[in-house]
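Chemist: Input: one structure, supplied below.
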Amino acid sequence: MPPVSDEVVARREAIAAALARIVPDGVIVSERERKVYESDGLTAYRQAPLVVVLPEDTRQVAAVMAWCQREGVKVVPRGAGTSLSGGALPLADAVLLGMSRMKKVLDIDLVDRVAVVQPGVTNLAVTKAVAGHGFYYAPDPSSQIACTIGGNVAENSGGVHCLKYGLTTNNVLGVEMVLPDGEIIRLGGRHLEPADLDLLGVVVGSEGLLGVVTEVTVRILPAPETARAALLGFPSTTAAGDCVAQIIADGIIPAGMEMMDKPATHAAEAFVNAGYPLDVEALLIVEVDGPPIECDLLLGQIQAIADTHGASFARVSSNEAERLAFWAGRKAAFPAVGRLAPDYYCMDGTIPRKRLSEVLERMAALSRRHGLGVANVFHAGDGNLHPLILYDANQPGQLERAEAFGADILRICVEVGGVLTGEHGVGVEKRDLMPTMFDAVDLAHQQRIKCAFDPDLRLNPGKVFPELHRCAELGRMHVHGGALPHPELPRF
């Protein structure tokens with residue numbers, strides 16, 4: 001690491017001293033402690049922040065934001081750091097605003113069926129808080145034991161049950177948010193639909209570019225009477241993909257429908273011993289929930305569809321422990337794949353379901369072309385792909401090949417009518433691919449939204465937009481021009 005100039009050290013100490021007056025015992029300055037925050041789940045990029053501050057309530061967040069605005073200091077918000085797109089990557093000249101101390105469940109309202117929580121509450125903790133009353137929180141990312149509601153709001157996270165119950169945006173009713181100048185606003189509430197402009201829909205999935213969420217009102221649902229899952233094995237990923245498309249085409253909406261290819265299935269089984277078959281090329285987990293008679297009917301229809309597509313294995317959970325075991329393997333698939341190679345690059349793109357087989361075949365061809373393995377784990381029901389590209393960062397050139405492989409996958413997603421991301425966000429990972437999906441006018445309009453919330457462009461800069469324009473420029477121009485250069489990203 002190059003030596004830090006005296007000017008940078010002095011600036012860090014001055015900022016830390018000022019923030020310590022706002023958040024006593026909540027400012028991190030030492031190099032060793034700042035290193036903990038140098039990356040999120042996309043560890044290929046790393047950069048230690050200038051200073052870290054850990055507020056405990058909305059008042060402190062507002063005071064920090066107001067001070068940074070007055071002093072011209074950039075701010076990067078961060079939740080649990082589980083983002084896989086570099087959305088929480090720090091900047092060397094910015095304050096990193098960590099929300100991990102704000103982890104209280106503020107209210108549980110069973111009549112209105114909502115829970116009000118601070119952004120540092122983990123996803124799974126919401127369900128645990130209401131489970132005793134017979135309720136749960138539906139969105140369940142695989143990282144739900146660690147990822148926080150604030151981060152879920154930033155990235156519009158999904159999970160294995162988003163097919164039937166929706167993403168974060170379908171389950172968040174309101175937020176309290178601090179704007180870059182320290183103003184505290186509320187969007188939405190405890191009602192299902194907004195009365196005017198859907199600004200809440202703009203904020204969910206905005207990747208920390210518009211404001212800092214300090215309180216979230218989420219929708220909780222009664223736990224289903226019954227939930228059962230089926231394991232279905234197929235001789236090819238094409239057959240499994242066709243089965244997925246047919247299930248949806250026949251009007252069946254499972255609670256969840258996940259797919260793993262052979263490498264991912266073998267890795268998951270070795271990791272958790274879930275009882276997965278090892279002689280199939282693709283494995284589907286299909287879950288239905290509701291009254292027992294409805295579950296029996298739907299499972300029968302699903303198995304019949306699987307049979308017509310050549311399923312070579314079928315097993316239905318006979319009790320709750322077995323159902324949870326089926327999901328345990330899927331939820332542990334990401335860490336399990338870590339056994340297959342020293343490193344993996346987790347992608348995220350979404351495609352139309354009917355193009356699933358085609359995209360999987362093209363992905364296999366890309367694997368051969370780039371000379372890198374790939375394990376596929378994804379939300380098959382809504383076409384959200386999560387290819388895990390296997391590589392070794394210690395081997396020269398392999399990281400670059402993995403990135404090129406991933407970019408090719410995302411280009412295919414857009415080409416077949418899909419999008420660059422389903423739930424991981426754009427961050428820095430997909431930033432330079434945005435023009436493959438949006439033209440200059442589209443990107444300019446998106447940046448105008450940021451300007452409305454953050455006119456000085458100091459909140460989480462360097463994310464999402466490949467070229468960031470001054471707000472005054474956007475006001476004068478129909479299309480962009482004279483873009484500001486983007487600083488080089490640090491790479492590990």
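A note on labels: chains of the structure tokens are A, B, ... as shown, every chain counts residues from 1, and ligands are counted from 1 in their shown order.
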Using only C-alpha atoms, which residues sit within 12 Å of Gly166 in chain A once same-chain residues fewer than 3 positions away are excluded, as a ChimeraX atom specification?

Modeler: /A:137-141,156-163,169-172,219,253,255-256,381-382,422-423

Chemist: Arg411 in chain A: which residues within 10 Å, counting only C-alpha atoms, same-chain residues fewer than 5 positions away excluded, as a ChimeraX atom specification?

Modeler: /A:349,406,416,418-420,433,436-437

Chemist: Could you write out the selected residues, including N, CA, C and O atoms, as a compact mmCIF listing (two decimals), in the first residue's frame?

Modeler:
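Dumped to selection-v1.txt:
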```txt
# COMPACT_ATOMS: atom_id res chain seq x y z
N GLY A 349 -28.30 -11.91 -13.45
CA GLY A 349 -29.03 -11.35 -14.57
C GLY A 349 -30.38 -12.05 -14.68
O GLY A 349 -30.58 -13.13 -14.12
N GLY A 406 -18.38 -13.06 -17.31
CA GLY A 406 -19.59 -12.52 -16.70
C GLY A 406 -20.26 -11.46 -17.55
O GLY A 406 -21.49 -11.43 -17.69
N VAL A 416 -31.64 -11.39 -25.15
CA VAL A 416 -32.83 -12.23 -25.24
C VAL A 416 -34.06 -11.59 -24.61
O VAL A 416 -35.10 -12.23 -24.48
N GLY A 418 -33.98 -9.81 -21.52
CA GLY A 418 -33.88 -9.72 -20.07
C GLY A 418 -33.23 -8.43 -19.62
O GLY A 418 -33.17 -7.44 -20.37
N VAL A 419 -32.74 -8.43 -18.38
CA VAL A 419 -32.14 -7.23 -17.79
C VAL A 419 -30.82 -7.58 -17.12
O VAL A 419 -30.51 -8.74 -16.88
N LEU A 420 -30.05 -6.54 -16.81
CA LEU A 420 -28.71 -6.73 -16.27
C LEU A 420 -28.69 -7.26 -14.85
O LEU A 420 -27.69 -7.85 -14.43
N LEU A 433 -21.69 -1.72 -18.15
CA LEU A 433 -22.57 -2.44 -19.07
C LEU A 433 -23.93 -1.75 -19.22
O LEU A 433 -24.75 -2.20 -20.02
N THR A 436 -25.48 -1.15 -22.63
CA THR A 436 -26.01 -2.26 -23.42
C THR A 436 -27.52 -2.39 -23.27
O THR A 436 -28.18 -3.01 -24.10
N MET A 437 -28.05 -1.78 -22.20
CA MET A 437 -29.49 -1.89 -21.93
C MET A 437 -30.21 -0.54 -22.10
O MET A 437 -31.37 -0.49 -22.48
```

Chemist: Can you tell me which residues surround range 4-10 of chain A at a distance of at most 10 Å, considering only C-alpha atoms, apart from same-chain residues fewer than 6 positions away, and format the answer as a ChimeraX atom specification?

Modeler: /A:16,29,50,92-93

Chemist: Which neighbours of range 257-265 of chain A fall inside 6 Å, counting only C-alpha atoms, when residues of the same chain fewer than 4 positions from it are skipped, and could you give them as a list in words?

Modeler: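 Counting only the stated atoms, we get Glu281, Ala282, Leu283, Leu284, Ile285, Val286, Ala375, Asn376, Val377, Phe378, His379, Ala380 and Gly381 of chain A.
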
Chemist: Please report, as number ranges by chain, each residue of range 169-414 of chain A to which DSSP assigns alpha helix (DSSP H) when run on this structure's backbone.

Modeler: A: 199-203, 237-249, 262-272, 292-308, 320-331, 333-337, 356-370, 398-414
